[in-house]
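K.L.:
Sharing a structure below in structure tokens format, with a few things to ask.
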Amino acid sequence: MLLPVLLSLLLAALLVLAVGREPQEVLEKIWQGAFRNTRSFAGVLNFWIPLTLASVGLFVTFRAGLWNIGIEGQILAGAIFASAGALTFDFPPELAPLQLLLQILLGVLGGMVWAGITGALKIWLGVNEIFGGMALNALAGVWGIYLISGPWYPEGGSAQQSRPFLENALYPPLSRDWPVGLLAIVMTAVAMVLVPLIMARTRWGLQLKATGSNPRSALLLGVPTTRVAMSAFLVCGALAGIAGSYRVMFTYGSFRPLVAGGIGFLGLLVVLLSTMKPLWIPLITFVFSAILAGSTRLRVSLQLDSSLAGVLQGTLVLVFILFQGLRQRLEARRGDQAGDVSQASASSQSGLTG
Amino acid sequence: MNVEFLNTLASVVANATPLVIASIGETITERAGVINLSLNGSLIVTAMAGFIAARVISFGVDVDAIDMIASAEAGLIGGVVVAMLVGALVALIIALSSIELRLDQVTVGFILTLLMADLAQFLGQEYTRIPGPVVPKWPVPLLQDLPLLGPVFFQQNVLVYLSYVLVIGLWFWLFRTRPGMAHRAIGERPEAAYARGTNVNRLRYVYVVLGGALVGVAGGAYSLHFKPGLSNPPAMQGDGWIALAIVIFGGWHPFRVVVGAWLFAALRAVSSDIQKNGLAVLGQTIEFNFVLLNGLPWLMLIVTLLLVSSGAIERLLLLLPGPVQRRMRSVLRSDPPRAIGTTFEVD
């Protein structure tokens, strides 16, 4: 793990040099942007919450052998549904928790609907989930732009975002120095512990794994593979919906079309980097969130594009995956040399029985 | 036929060009049994690289310069070459990681598609929204005077003509030549090809890199003509995914691929016409928020893939008379190359 990290940092440093800036200065600015005080640290957590929720959801779909690229649209659909609630409801203060809960549930519903469409297209109509998902991402985006340019067009505002939500439609912040939604942290923590636990301990988890590793033999063994695949989509969509609702009900406090902001795609990278070991997910998402939050200020302080964060994260994952492949090849080659004879006999045996 | 309609057709053919070139490149790659999922990022990064190269060659490194230091042609040729090289390099990463490291092509392609888009935004930031050289129109002598065909197909630029050559050339290569047969074989039955003495993995390198180079040309075609310059977000955002879907809709056959690309371009022409002139059906103007029109290509993407997966296109075959049926089989068949996405091992 160390070598890929160093290598990708080196590559990023070279890129920074290529656009004529000091790598050390950039690194310092990112660090300050993430950790200079409690408020900036809360900014990191505000990325960590939706990113972790999305990654945990993707852990489920990956386990079922599905490339849920549509997660970006599922986050956005969750945000749209939750915003619809936020712009409609106005409960009295004593019922504010109920309104919050309703909005979150609407977000969950939105994510599940969008994931369900992708799943239905994949499972019953044979449209690959990568393309179906990508199309649904774009459609959610168009829907979002339509909403703020039409039905949710703010009075006297510009078509960049909806009107700001009322206070009872927002997650209450932890404190003035810690602007982060405590309830969301709790939900994220529960999800990141509970979901992997359920997958490891229950029949459903086993069925997911069987469907993901070999759908044909899973079906022969009596696993209802279509239902299992659909359930994976829906679980992921639900978690993405919570993520989307947090983005509008806390981070922005209004609806805007770019609210998903690549967090879903980043979640796919997180799960690839975790090599399906769920313990790593919250740690990786924390590092990625720090990079994201830290680089938002690069434009102001150094006139540098914040896409550097994506470059850094993407390079890291690519180098890591390549290293992993290289290591496996070297090990396989060593294994070949050591056990040529025994392997040959084993394969001929399995050939007979299979 | 009125001039306006011919102009519309000509612009559909023109605007489909980057999609055609990219999908033909991807068809070459996938026919060899490898999927290059990085198309969207590849288009964005090659558009960036091609534009900056062309701009620097023609105007020098100063982004505020308005005086040319070299001819536009030199810049354009340099730009396309650089875009090709970058596209080939991205494809080479996919080939290497799949063939040497046995890594999943979808995984590596997906990482690359994200990484390349960010890289393009980061490296291109100084060069956004500045002018650069643009590929000029060049009507083909004689052919441009053909009735109907002339104004639609032959009063275009060199990139458009290149796309015609690529489509017909790839069809001839795949279905009429011996090495083309080997090309198809390594995507369908690599073991059989290997048994016949074909070096499967070496050929895969060749076709993946070649396909990537064409994707590079497509990227350059955007920033040097069809969507000139660089912008943020990139003007062709999403087109890589559409090109990938066109390959599937096109049944991995160059002729059907080009039909797919034209369909998408036609849909775009129609929706941009509605955005400009409004929509009227039977004299009745229809009012709605035109933003929604931007969703049409994506709806069509789903519909085209549904057509393929439901077997509707293959069923067209049964409606045709026998001899035509045989002839159309290779065009209307929808099965992907059988070995797509798999690695080939000799042992």
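Scheme for the structure tokens: letters A, B, ... for chains in order shown; per-chain residue numbers from 1; ligand numbers from 1 in order shown.
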As a PDB file with all heavy atoms, in the first residue's frame, could you give me every residue of chain A near chain B (at most 8 Å apart, counting only C-alpha atoms)?
P.N.:
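Dumped everything to selection35.pdb:
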```pdb
ATOM      1  N   LEU A  15       2.729  16.742 -11.756  1.00  0.00           N
ATOM      2  CA  LEU A  15       1.667  17.500 -12.440  1.00  0.00           C
ATOM      3  C   LEU A  15       1.595  18.933 -11.934  1.00  0.00           C
ATOM      4  O   LEU A  15       1.435  19.871 -12.711  1.00  0.00           O
ATOM      5  CB  LEU A  15       0.318  16.818 -12.217  1.00  0.00           C
ATOM      6  CG  LEU A  15       0.036  15.608 -13.091  1.00  0.00           C
ATOM      7  CD1 LEU A  15      -1.243  14.942 -12.656  1.00  0.00           C
ATOM      8  CD2 LEU A  15      -0.064  16.042 -14.542  1.00  0.00           C
ATOM      9  N   VAL A  19       2.224  22.603 -14.072  1.00  0.00           N
ATOM     10  CA  VAL A  19       1.448  23.828 -14.236  1.00  0.00           C
ATOM     11  C   VAL A  19       2.102  24.995 -13.485  1.00  0.00           C
ATOM     12  O   VAL A  19       1.480  26.034 -13.273  1.00  0.00           O
ATOM     13  CB  VAL A  19      -0.030  23.664 -13.792  1.00  0.00           C
ATOM     14  CG1 VAL A  19      -0.756  22.683 -14.687  1.00  0.00           C
ATOM     15  CG2 VAL A  19      -0.141  23.234 -12.342  1.00  0.00           C
ATOM     16  N   LEU A 125     -34.770  -6.672 -18.455  1.00  0.00           N
ATOM     17  CA  LEU A 125     -34.764  -6.223 -19.846  1.00  0.00           C
ATOM     18  C   LEU A 125     -33.400  -6.323 -20.507  1.00  0.00           C
ATOM     19  O   LEU A 125     -33.231  -5.963 -21.671  1.00  0.00           O
ATOM     20  CB  LEU A 125     -35.293  -4.779 -19.927  1.00  0.00           C
ATOM     21  CG  LEU A 125     -36.730  -4.635 -19.417  1.00  0.00           C
ATOM     22  CD1 LEU A 125     -37.105  -3.178 -19.243  1.00  0.00           C
ATOM     23  CD2 LEU A 125     -37.708  -5.315 -20.372  1.00  0.00           C
ATOM     24  N   GLY A 126     -32.398  -6.790 -19.753  1.00  0.00           N
ATOM     25  CA  GLY A 126     -31.106  -7.081 -20.364  1.00  0.00           C
ATOM     26  C   GLY A 126     -30.285  -5.868 -20.751  1.00  0.00           C
ATOM     27  O   GLY A 126     -29.389  -5.971 -21.580  1.00  0.00           O
ATOM     28  N   VAL A 127     -30.570  -4.691 -20.156  1.00  0.00           N
ATOM     29  CA  VAL A 127     -29.729  -3.524 -20.436  1.00  0.00           C
ATOM     30  C   VAL A 127     -28.628  -3.468 -19.381  1.00  0.00           C
ATOM     31  O   VAL A 127     -28.904  -3.345 -18.189  1.00  0.00           O
ATOM     32  CB  VAL A 127     -30.553  -2.212 -20.391  1.00  0.00           C
ATOM     33  CG1 VAL A 127     -29.642  -1.002 -20.555  1.00  0.00           C
ATOM     34  CG2 VAL A 127     -31.606  -2.230 -21.477  1.00  0.00           C
ATOM     35  N   PHE A 131     -24.464   1.012 -18.621  1.00  0.00           N
ATOM     36  CA  PHE A 131     -25.056   1.972 -19.553  1.00  0.00           C
ATOM     37  C   PHE A 131     -26.394   2.492 -19.046  1.00  0.00           C
ATOM     38  O   PHE A 131     -26.676   3.679 -19.128  1.00  0.00           O
ATOM     39  CB  PHE A 131     -25.203   1.342 -20.936  1.00  0.00           C
ATOM     40  CG  PHE A 131     -23.877   0.993 -21.517  1.00  0.00           C
ATOM     41  CD1 PHE A 131     -23.445  -0.319 -21.555  1.00  0.00           C
ATOM     42  CD2 PHE A 131     -23.038   1.987 -21.980  1.00  0.00           C
ATOM     43  CE1 PHE A 131     -22.198  -0.635 -22.066  1.00  0.00           C
ATOM     44  CE2 PHE A 131     -21.796   1.675 -22.484  1.00  0.00           C
ATOM     45  CZ  PHE A 131     -21.370   0.358 -22.530  1.00  0.00           C
ATOM     46  N   GLY A 132     -27.214   1.589 -18.515  1.00  0.00           N
ATOM     47  CA  GLY A 132     -28.481   2.022 -17.941  1.00  0.00           C
ATOM     48  C   GLY A 132     -28.229   3.032 -16.828  1.00  0.00           C
ATOM     49  O   GLY A 132     -28.891   4.070 -16.743  1.00  0.00           O
ATOM     50  N   MET A 134     -25.547   4.945 -16.335  1.00  0.00           N
ATOM     51  CA  MET A 134     -25.007   6.203 -16.851  1.00  0.00           C
ATOM     52  C   MET A 134     -26.138   7.064 -17.428  1.00  0.00           C
ATOM     53  O   MET A 134     -26.175   8.281 -17.212  1.00  0.00           O
ATOM     54  CB  MET A 134     -23.999   5.851 -17.948  1.00  0.00           C
ATOM     55  CG  MET A 134     -22.827   6.759 -18.024  1.00  0.00           C
ATOM     56  SD  MET A 134     -21.890   6.819 -16.509  1.00  0.00           S
ATOM     57  CE  MET A 134     -21.493   8.549 -16.531  1.00  0.00           C
ATOM     58  N   ALA A 135     -27.048   6.415 -18.170  1.00  0.00           N
ATOM     59  CA  ALA A 135     -28.162   7.163 -18.754  1.00  0.00           C
ATOM     60  C   ALA A 135     -29.046   7.740 -17.652  1.00  0.00           C
ATOM     61  O   ALA A 135     -29.482   8.898 -17.725  1.00  0.00           O
ATOM     62  CB  ALA A 135     -28.977   6.272 -19.683  1.00  0.00           C
ATOM     63  N   LEU A 136     -29.289   6.937 -16.610  1.00  0.00           N
ATOM     64  CA  LEU A 136     -30.144   7.434 -15.531  1.00  0.00           C
ATOM     65  C   LEU A 136     -29.466   8.538 -14.734  1.00  0.00           C
ATOM     66  O   LEU A 136     -30.135   9.438 -14.209  1.00  0.00           O
ATOM     67  CB  LEU A 136     -30.554   6.276 -14.617  1.00  0.00           C
ATOM     68  CG  LEU A 136     -31.695   5.457 -15.221  1.00  0.00           C
ATOM     69  CD1 LEU A 136     -31.718   4.061 -14.653  1.00  0.00           C
ATOM     70  CD2 LEU A 136     -33.027   6.142 -14.960  1.00  0.00           C
ATOM     71  N   ALA A 138     -27.584  10.815 -16.114  1.00  0.00           N
ATOM     72  CA  ALA A 138     -27.797  12.006 -16.932  1.00  0.00           C
ATOM     73  C   ALA A 138     -29.248  12.465 -16.841  1.00  0.00           C
ATOM     74  O   ALA A 138     -29.524  13.669 -16.768  1.00  0.00           O
ATOM     75  CB  ALA A 138     -27.417  11.722 -18.381  1.00  0.00           C
ATOM     76  N   LEU A 139     -30.171  11.507 -16.821  1.00  0.00           N
ATOM     77  CA  LEU A 139     -31.586  11.879 -16.753  1.00  0.00           C
ATOM     78  C   LEU A 139     -31.916  12.554 -15.429  1.00  0.00           C
ATOM     79  O   LEU A 139     -32.665  13.534 -15.395  1.00  0.00           O
ATOM     80  CB  LEU A 139     -32.468  10.639 -16.967  1.00  0.00           C
ATOM     81  CG  LEU A 139     -32.489  10.121 -18.410  1.00  0.00           C
ATOM     82  CD1 LEU A 139     -33.223   8.788 -18.494  1.00  0.00           C
ATOM     83  CD2 LEU A 139     -33.131  11.138 -19.343  1.00  0.00           C
ATOM     84  N   VAL A 142     -30.736  16.072 -15.784  1.00  0.00           N
ATOM     85  CA  VAL A 142     -31.655  16.901 -16.579  1.00  0.00           C
ATOM     86  C   VAL A 142     -32.880  17.273 -15.752  1.00  0.00           C
ATOM     87  O   VAL A 142     -33.344  18.413 -15.759  1.00  0.00           O
ATOM     88  CB  VAL A 142     -32.082  16.155 -17.865  1.00  0.00           C
ATOM     89  CG1 VAL A 142     -33.182  16.924 -18.586  1.00  0.00           C
ATOM     90  CG2 VAL A 142     -30.888  15.966 -18.791  1.00  0.00           C
ATOM     91  N   TRP A 143     -33.366  16.298 -14.991  1.00  0.00           N
ATOM     92  CA  TRP A 143     -34.530  16.539 -14.134  1.00  0.00           C
ATOM     93  C   TRP A 143     -34.219  17.646 -13.123  1.00  0.00           C
ATOM     94  O   TRP A 143     -35.031  18.558 -12.900  1.00  0.00           O
ATOM     95  CB  TRP A 143     -34.916  15.228 -13.436  1.00  0.00           C
ATOM     96  CG  TRP A 143     -36.211  15.285 -12.705  1.00  0.00           C
ATOM     97  CD1 TRP A 143     -37.226  16.175 -12.906  1.00  0.00           C
ATOM     98  CD2 TRP A 143     -36.629  14.420 -11.648  1.00  0.00           C
ATOM     99  NE1 TRP A 143     -38.259  15.904 -12.038  1.00  0.00           N
ATOM    100  CE2 TRP A 143     -37.920  14.832 -11.254  1.00  0.00           C
ATOM    101  CE3 TRP A 143     -36.038  13.333 -11.008  1.00  0.00           C
ATOM    102  CZ2 TRP A 143     -38.623  14.200 -10.243  1.00  0.00           C
ATOM    103  CZ3 TRP A 143     -36.734  12.693  -9.996  1.00  0.00           C
ATOM    104  CH2 TRP A 143     -38.018  13.117  -9.621  1.00  0.00           C
ATOM    105  N   ILE A 145     -31.989  20.060 -13.363  1.00  0.00           N
ATOM    106  CA  ILE A 145     -31.900  21.367 -14.018  1.00  0.00           C
ATOM    107  C   ILE A 145     -33.303  21.876 -14.373  1.00  0.00           C
ATOM    108  O   ILE A 145     -33.611  23.059 -14.223  1.00  0.00           O
ATOM    109  CB  ILE A 145     -31.012  21.281 -15.278  1.00  0.00           C
ATOM    110  CG1 ILE A 145     -29.574  20.975 -14.861  1.00  0.00           C
ATOM    111  CG2 ILE A 145     -31.058  22.578 -16.068  1.00  0.00           C
ATOM    112  CD1 ILE A 145     -28.663  20.627 -16.005  1.00  0.00           C
ATOM    113  N   TYR A 146     -34.144  20.937 -14.814  1.00  0.00           N
ATOM    114  CA  TYR A 146     -35.530  21.310 -15.114  1.00  0.00           C
ATOM    115  C   TYR A 146     -36.212  21.893 -13.872  1.00  0.00           C
ATOM    116  O   TYR A 146     -36.885  22.932 -13.944  1.00  0.00           O
ATOM    117  CB  TYR A 146     -36.294  20.087 -15.624  1.00  0.00           C
ATOM    118  CG  TYR A 146     -37.796  20.220 -15.535  1.00  0.00           C
ATOM    119  CD1 TYR A 146     -38.494  21.029 -16.433  1.00  0.00           C
ATOM    120  CD2 TYR A 146     -38.511  19.558 -14.544  1.00  0.00           C
ATOM    121  CE1 TYR A 146     -39.859  21.168 -16.336  1.00  0.00           C
ATOM    122  CE2 TYR A 146     -39.879  19.689 -14.442  1.00  0.00           C
ATOM    123  CZ  TYR A 146     -40.549  20.496 -15.338  1.00  0.00           C
ATOM    124  OH  TYR A 146     -41.900  20.645 -15.245  1.00  0.00           O
ATOM    125  N   GLY A 150     -37.651  25.631 -13.560  1.00  0.00           N
ATOM    126  CA  GLY A 150     -39.100  25.707 -13.691  1.00  0.00           C
ATOM    127  C   GLY A 150     -39.789  25.705 -12.336  1.00  0.00           C
ATOM    128  O   GLY A 150     -39.838  26.728 -11.651  1.00  0.00           O
ATOM    129  N   PHE A 265     -19.289   8.367  -7.963  1.00  0.00           N
ATOM    130  CA  PHE A 265     -18.176   7.806  -8.726  1.00  0.00           C
ATOM    131  C   PHE A 265     -16.982   7.561  -7.815  1.00  0.00           C
ATOM    132  O   PHE A 265     -16.296   6.538  -7.903  1.00  0.00           O
ATOM    133  CB  PHE A 265     -17.763   8.750  -9.861  1.00  0.00           C
ATOM    134  CG  PHE A 265     -18.791   8.865 -10.945  1.00  0.00           C
ATOM    135  CD1 PHE A 265     -18.981  10.060 -11.614  1.00  0.00           C
ATOM    136  CD2 PHE A 265     -19.556   7.772 -11.318  1.00  0.00           C
ATOM    137  CE1 PHE A 265     -19.925  10.181 -12.632  1.00  0.00           C
ATOM    138  CE2 PHE A 265     -20.502   7.870 -12.327  1.00  0.00           C
ATOM    139  CZ  PHE A 265     -20.685   9.084 -12.976  1.00  0.00           C
ATOM    140  N   LEU A 269     -14.480   4.142  -6.629  1.00  0.00           N
ATOM    141  CA  LEU A 269     -13.021   4.048  -6.468  1.00  0.00           C
ATOM    142  C   LEU A 269     -12.672   3.571  -5.057  1.00  0.00           C
ATOM    143  O   LEU A 269     -11.745   2.772  -4.879  1.00  0.00           O
ATOM    144  CB  LEU A 269     -12.362   5.410  -6.734  1.00  0.00           C
ATOM    145  CG  LEU A 269     -12.422   5.953  -8.164  1.00  0.00           C
ATOM    146  CD1 LEU A 269     -11.565   7.205  -8.290  1.00  0.00           C
ATOM    147  CD2 LEU A 269     -11.963   4.914  -9.173  1.00  0.00           C
ATOM    148  N   LEU A 304      -5.689  27.368  -8.526  1.00  0.00           N
ATOM    149  CA  LEU A 304      -5.532  26.023  -9.090  1.00  0.00           C
ATOM    150  C   LEU A 304      -6.889  25.339  -9.132  1.00  0.00           C
ATOM    151  O   LEU A 304      -7.705  25.520  -8.219  1.00  0.00           O
ATOM    152  CB  LEU A 304      -4.602  25.190  -8.210  1.00  0.00           C
ATOM    153  CG  LEU A 304      -3.137  25.113  -8.613  1.00  0.00           C
ATOM    154  CD1 LEU A 304      -2.436  24.130  -7.707  1.00  0.00           C
ATOM    155  CD2 LEU A 304      -2.978  24.702 -10.056  1.00  0.00           C
ATOM    156  N   ASP A 305      -7.119  24.555 -10.164  1.00  0.00           N
ATOM    157  CA  ASP A 305      -8.406  23.870 -10.270  1.00  0.00           C
ATOM    158  C   ASP A 305      -8.498  22.762  -9.230  1.00  0.00           C
ATOM    159  O   ASP A 305      -7.537  22.022  -9.003  1.00  0.00           O
ATOM    160  CB  ASP A 305      -8.543  23.284 -11.675  1.00  0.00           C
ATOM    161  CG  ASP A 305      -9.976  22.994 -12.008  1.00  0.00           C
ATOM    162  OD1 ASP A 305     -10.504  21.985 -11.515  1.00  0.00           O
ATOM    163  OD2 ASP A 305     -10.560  23.798 -12.737  1.00  0.00           O
ATOM    164  N   SER A 306      -9.677  22.643  -8.597  1.00  0.00           N
ATOM    165  CA  SER A 306      -9.817  21.635  -7.541  1.00  0.00           C
ATOM    166  C   SER A 306      -9.885  20.224  -8.105  1.00  0.00           C
ATOM    167  O   SER A 306      -9.937  19.256  -7.356  1.00  0.00           O
ATOM    168  CB  SER A 306     -11.062  21.926  -6.707  1.00  0.00           C
ATOM    169  OG  SER A 306     -12.188  21.947  -7.545  1.00  0.00           O
ATOM    170  N   SER A 307      -9.876  20.089  -9.446  1.00  0.00           N
ATOM    171  CA  SER A 307      -9.847  18.744 -10.031  1.00  0.00           C
ATOM    172  C   SER A 307      -8.570  18.012  -9.651  1.00  0.00           C
ATOM    173  O   SER A 307      -8.467  16.800  -9.866  1.00  0.00           O
ATOM    174  CB  SER A 307      -9.971  18.824 -11.547  1.00  0.00           C
ATOM    175  OG  SER A 307      -9.012  19.702 -12.077  1.00  0.00           O
ATOM    176  N   LEU A 308      -7.598  18.727  -9.079  1.00  0.00           N
ATOM    177  CA  LEU A 308      -6.384  18.066  -8.597  1.00  0.00           C
ATOM    178  C   LEU A 308      -6.747  16.954  -7.616  1.00  0.00           C
ATOM    179  O   LEU A 308      -6.095  15.910  -7.584  1.00  0.00           O
ATOM    180  CB  LEU A 308      -5.467  19.082  -7.912  1.00  0.00           C
ATOM    181  CG  LEU A 308      -4.133  18.533  -7.422  1.00  0.00           C
ATOM    182  CD1 LEU A 308      -3.301  18.001  -8.578  1.00  0.00           C
ATOM    183  CD2 LEU A 308      -3.343  19.594  -6.669  1.00  0.00           C
ATOM    184  N   GLY A 310      -9.363  14.972  -7.680  1.00  0.00           N
ATOM    185  CA  GLY A 310      -9.742  13.809  -8.470  1.00  0.00           C
ATOM    186  C   GLY A 310      -8.534  13.139  -9.108  1.00  0.00           C
ATOM    187  O   GLY A 310      -8.455  11.917  -9.185  1.00  0.00           O
ATOM    188  N   VAL A 311      -7.599  13.968  -9.573  1.00  0.00           N
ATOM    189  CA  VAL A 311      -6.392  13.418 -10.192  1.00  0.00           C
ATOM    190  C   VAL A 311      -5.623  12.588  -9.175  1.00  0.00           C
ATOM    191  O   VAL A 311      -5.191  11.464  -9.448  1.00  0.00           O
ATOM    192  CB  VAL A 311      -5.497  14.551 -10.750  1.00  0.00           C
ATOM    193  CG1 VAL A 311      -4.191  13.984 -11.293  1.00  0.00           C
ATOM    194  CG2 VAL A 311      -6.225  15.321 -11.832  1.00  0.00           C
ATOM    195  N   GLY A 314      -7.685   9.385  -8.322  1.00  0.00           N
ATOM    196  CA  GLY A 314      -7.704   8.462  -9.459  1.00  0.00           C
ATOM    197  C   GLY A 314      -6.351   7.804  -9.676  1.00  0.00           C
ATOM    198  O   GLY A 314      -6.264   6.597  -9.911  1.00  0.00           O
ATOM    199  N   THR A 315      -5.287   8.616  -9.590  1.00  0.00           N
ATOM    200  CA  THR A 315      -3.950   8.060  -9.774  1.00  0.00           C
ATOM    201  C   THR A 315      -3.654   7.011  -8.705  1.00  0.00           C
ATOM    202  O   THR A 315      -3.133   5.941  -9.005  1.00  0.00           O
ATOM    203  CB  THR A 315      -2.878   9.177  -9.686  1.00  0.00           C
ATOM    204  OG1 THR A 315      -3.289  10.265 -10.489  1.00  0.00           O
ATOM    205  CG2 THR A 315      -1.533   8.674 -10.166  1.00  0.00           C
ATOM    206  N   VAL A 317      -5.710   5.111  -7.030  1.00  0.00           N
ATOM    207  CA  VAL A 317      -6.439   3.855  -7.246  1.00  0.00           C
ATOM    208  C   VAL A 317      -5.864   3.093  -8.438  1.00  0.00           C
ATOM    209  O   VAL A 317      -5.674   1.881  -8.384  1.00  0.00           O
ATOM    210  CB  VAL A 317      -7.948   4.127  -7.438  1.00  0.00           C
ATOM    211  CG1 VAL A 317      -8.695   2.832  -7.690  1.00  0.00           C
ATOM    212  CG2 VAL A 317      -8.511   4.816  -6.217  1.00  0.00           C
ATOM    213  N   LEU A 318      -5.544   3.817  -9.508  1.00  0.00           N
ATOM    214  CA  LEU A 318      -4.988   3.151 -10.689  1.00  0.00           C
ATOM    215  C   LEU A 318      -3.658   2.483 -10.357  1.00  0.00           C
ATOM    216  O   LEU A 318      -3.456   1.287 -10.655  1.00  0.00           O
ATOM    217  CB  LEU A 318      -4.797   4.160 -11.826  1.00  0.00           C
ATOM    218  CG  LEU A 318      -4.252   3.575 -13.122  1.00  0.00           C
ATOM    219  CD1 LEU A 318      -5.260   2.612 -13.733  1.00  0.00           C
ATOM    220  CD2 LEU A 318      -3.896   4.662 -14.123  1.00  0.00           C
ATOM    221  N   ILE A 321      -4.217  -0.579  -8.130  1.00  0.00           N
ATOM    222  CA  ILE A 321      -4.759  -1.738  -8.850  1.00  0.00           C
ATOM    223  C   ILE A 321      -3.677  -2.372  -9.727  1.00  0.00           C
ATOM    224  O   ILE A 321      -3.549  -3.609  -9.784  1.00  0.00           O
ATOM    225  CB  ILE A 321      -5.965  -1.310  -9.720  1.00  0.00           C
ATOM    226  CG1 ILE A 321      -7.118  -0.811  -8.851  1.00  0.00           C
ATOM    227  CG2 ILE A 321      -6.420  -2.429 -10.633  1.00  0.00           C
ATOM    228  CD1 ILE A 321      -8.020  -1.869  -8.299  1.00  0.00           C
ATOM    229  N   LEU A 322      -2.874  -1.539 -10.380  1.00  0.00           N
ATOM    230  CA  LEU A 322      -1.810  -2.082 -11.222  1.00  0.00           C
ATOM    231  C   LEU A 322      -0.790  -2.848 -10.375  1.00  0.00           C
ATOM    232  O   LEU A 322      -0.345  -3.933 -10.753  1.00  0.00           O
ATOM    233  CB  LEU A 322      -1.110  -0.958 -11.999  1.00  0.00           C
ATOM    234  CG  LEU A 322      -1.947  -0.263 -13.084  1.00  0.00           C
ATOM    235  CD1 LEU A 322      -1.162   0.853 -13.743  1.00  0.00           C
ATOM    236  CD2 LEU A 322      -2.427  -1.256 -14.143  1.00  0.00           C
ATOM    237  N   GLY A 325      -2.221  -6.187  -9.382  1.00  0.00           N
ATOM    238  CA  GLY A 325      -2.155  -7.121 -10.496  1.00  0.00           C
ATOM    239  C   GLY A 325      -0.755  -7.652 -10.681  1.00  0.00           C
ATOM    240  O   GLY A 325      -0.536  -8.851 -10.879  1.00  0.00           O
ATOM    241  N   LEU A 326       0.219  -6.748 -10.562  1.00  0.00           N
ATOM    242  CA  LEU A 326       1.623  -7.132 -10.737  1.00  0.00           C
ATOM    243  C   LEU A 326       2.034  -8.151  -9.676  1.00  0.00           C
ATOM    244  O   LEU A 326       2.663  -9.176  -9.975  1.00  0.00           O
ATOM    245  CB  LEU A 326       2.491  -5.878 -10.629  1.00  0.00           C
ATOM    246  CG  LEU A 326       3.943  -6.009 -11.077  1.00  0.00           C
ATOM    247  CD1 LEU A 326       3.997  -6.318 -12.565  1.00  0.00           C
ATOM    248  CD2 LEU A 326       4.701  -4.716 -10.785  1.00  0.00           C
ATOM    249  N   GLN A 328       0.111 -10.146  -7.960  1.00  0.00           N
ATOM    250  CA  GLN A 328      -0.542 -11.443  -8.173  1.00  0.00           C
ATOM    251  C   GLN A 328       0.135 -12.221  -9.296  1.00  0.00           C
ATOM    252  O   GLN A 328       0.298 -13.440  -9.209  1.00  0.00           O
ATOM    253  CB  GLN A 328      -2.019 -11.230  -8.502  1.00  0.00           C
ATOM    254  CG  GLN A 328      -2.866 -11.153  -7.241  1.00  0.00           C
ATOM    255  CD  GLN A 328      -4.242 -10.571  -7.510  1.00  0.00           C
ATOM    256  OE1 GLN A 328      -4.602 -10.337  -8.660  1.00  0.00           O
ATOM    257  NE2 GLN A 328      -4.981 -10.321  -6.445  1.00  0.00           N
ATOM    258  N   ARG A 329       0.555 -11.518 -10.337  1.00  0.00           N
ATOM    259  CA  ARG A 329       1.228 -12.202 -11.442  1.00  0.00           C
ATOM    260  C   ARG A 329       2.538 -12.793 -10.980  1.00  0.00           C
ATOM    261  O   ARG A 329       2.887 -13.920 -11.322  1.00  0.00           O
ATOM    262  CB  ARG A 329       1.489 -11.231 -12.608  1.00  0.00           C
ATOM    263  CG  ARG A 329       0.271 -10.810 -13.367  1.00  0.00           C
ATOM    264  CD  ARG A 329      -0.571 -11.980 -13.809  1.00  0.00           C
ATOM    265  NE  ARG A 329       0.151 -12.871 -14.691  1.00  0.00           N
ATOM    266  CZ  ARG A 329      -0.162 -14.156 -14.838  1.00  0.00           C
ATOM    267  NH1 ARG A 329      -1.130 -14.702 -14.135  1.00  0.00           N
ATOM    268  NH2 ARG A 329       0.519 -14.894 -15.678  1.00  0.00           N
TER     269      ARG A 329
END
```
K.L.:
What parts of stretch 62-155 of chain A does DSSP call alpha helix (DSSP H)? I'd like the answer as number ranges by chain.
P.N.:
A: 62-63, 71-88, 96-123, 129-149
K.L.:
How many Å separate atom CA of A:Arg247 from atom CA of A:Ala115?
P.N.:
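Answer for the atom CA of A:Arg247 to atom CA of A:Ala115 separation: 18.3 Å.
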K.L.:
Contacts of stretch 225-239 of chain A at 7 Å or less, counting only C-alpha atoms, minus same-chain residues fewer than 4 places along, as a list in words?
P.N.:
Leu53, Ala54, Gly57, Leu58, Val60, Thr61, Ala64, Gln74, Val108, Leu109, Gly111, Met112, Ala115, Gly116, Gly119, Ile123, Gln207, Leu208, Thr211, Pro215, Leu219 and Ala243 of chain A
K.L.:
Mind pulling up the distance from atom CA of B:Pro321 to atom CA of B:Val167?
P.N.:
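Computing the Euclidean distance for atom CA of B:Val167 and atom CA of B:Pro321 yields 26.4 Å.
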K.L.:
Enter the distance from atom CA of B:Asn157 to atom CA of B:Thr27, in Å, rounded to one decimal.
P.N.:
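For atom CA of B:Asn157 relative to atom CA of B:Thr27, the distance reads 23.2 Å.
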K.L.:
Excluding same-chain residues fewer than 6 positions from B:Ala47, what lies within 10 Å of it counting only C-alpha atoms, as a ChimeraX atom specification?
P.N.:
/B:41,53,79-80,82-84,86-87,120,124,215-224,227-230,234-236
K.L.:
Tell me which protein, DNA and RNA residues are within 12 Å of stretch 23-38 of chain A, counting only C-alpha atoms, leaving out same-chain ones fewer than 4 positions away, and put them as a PyMOL selection string.
P.N.:
chain A and resi 9-19+42-48+174-180+286-306+308-309+312
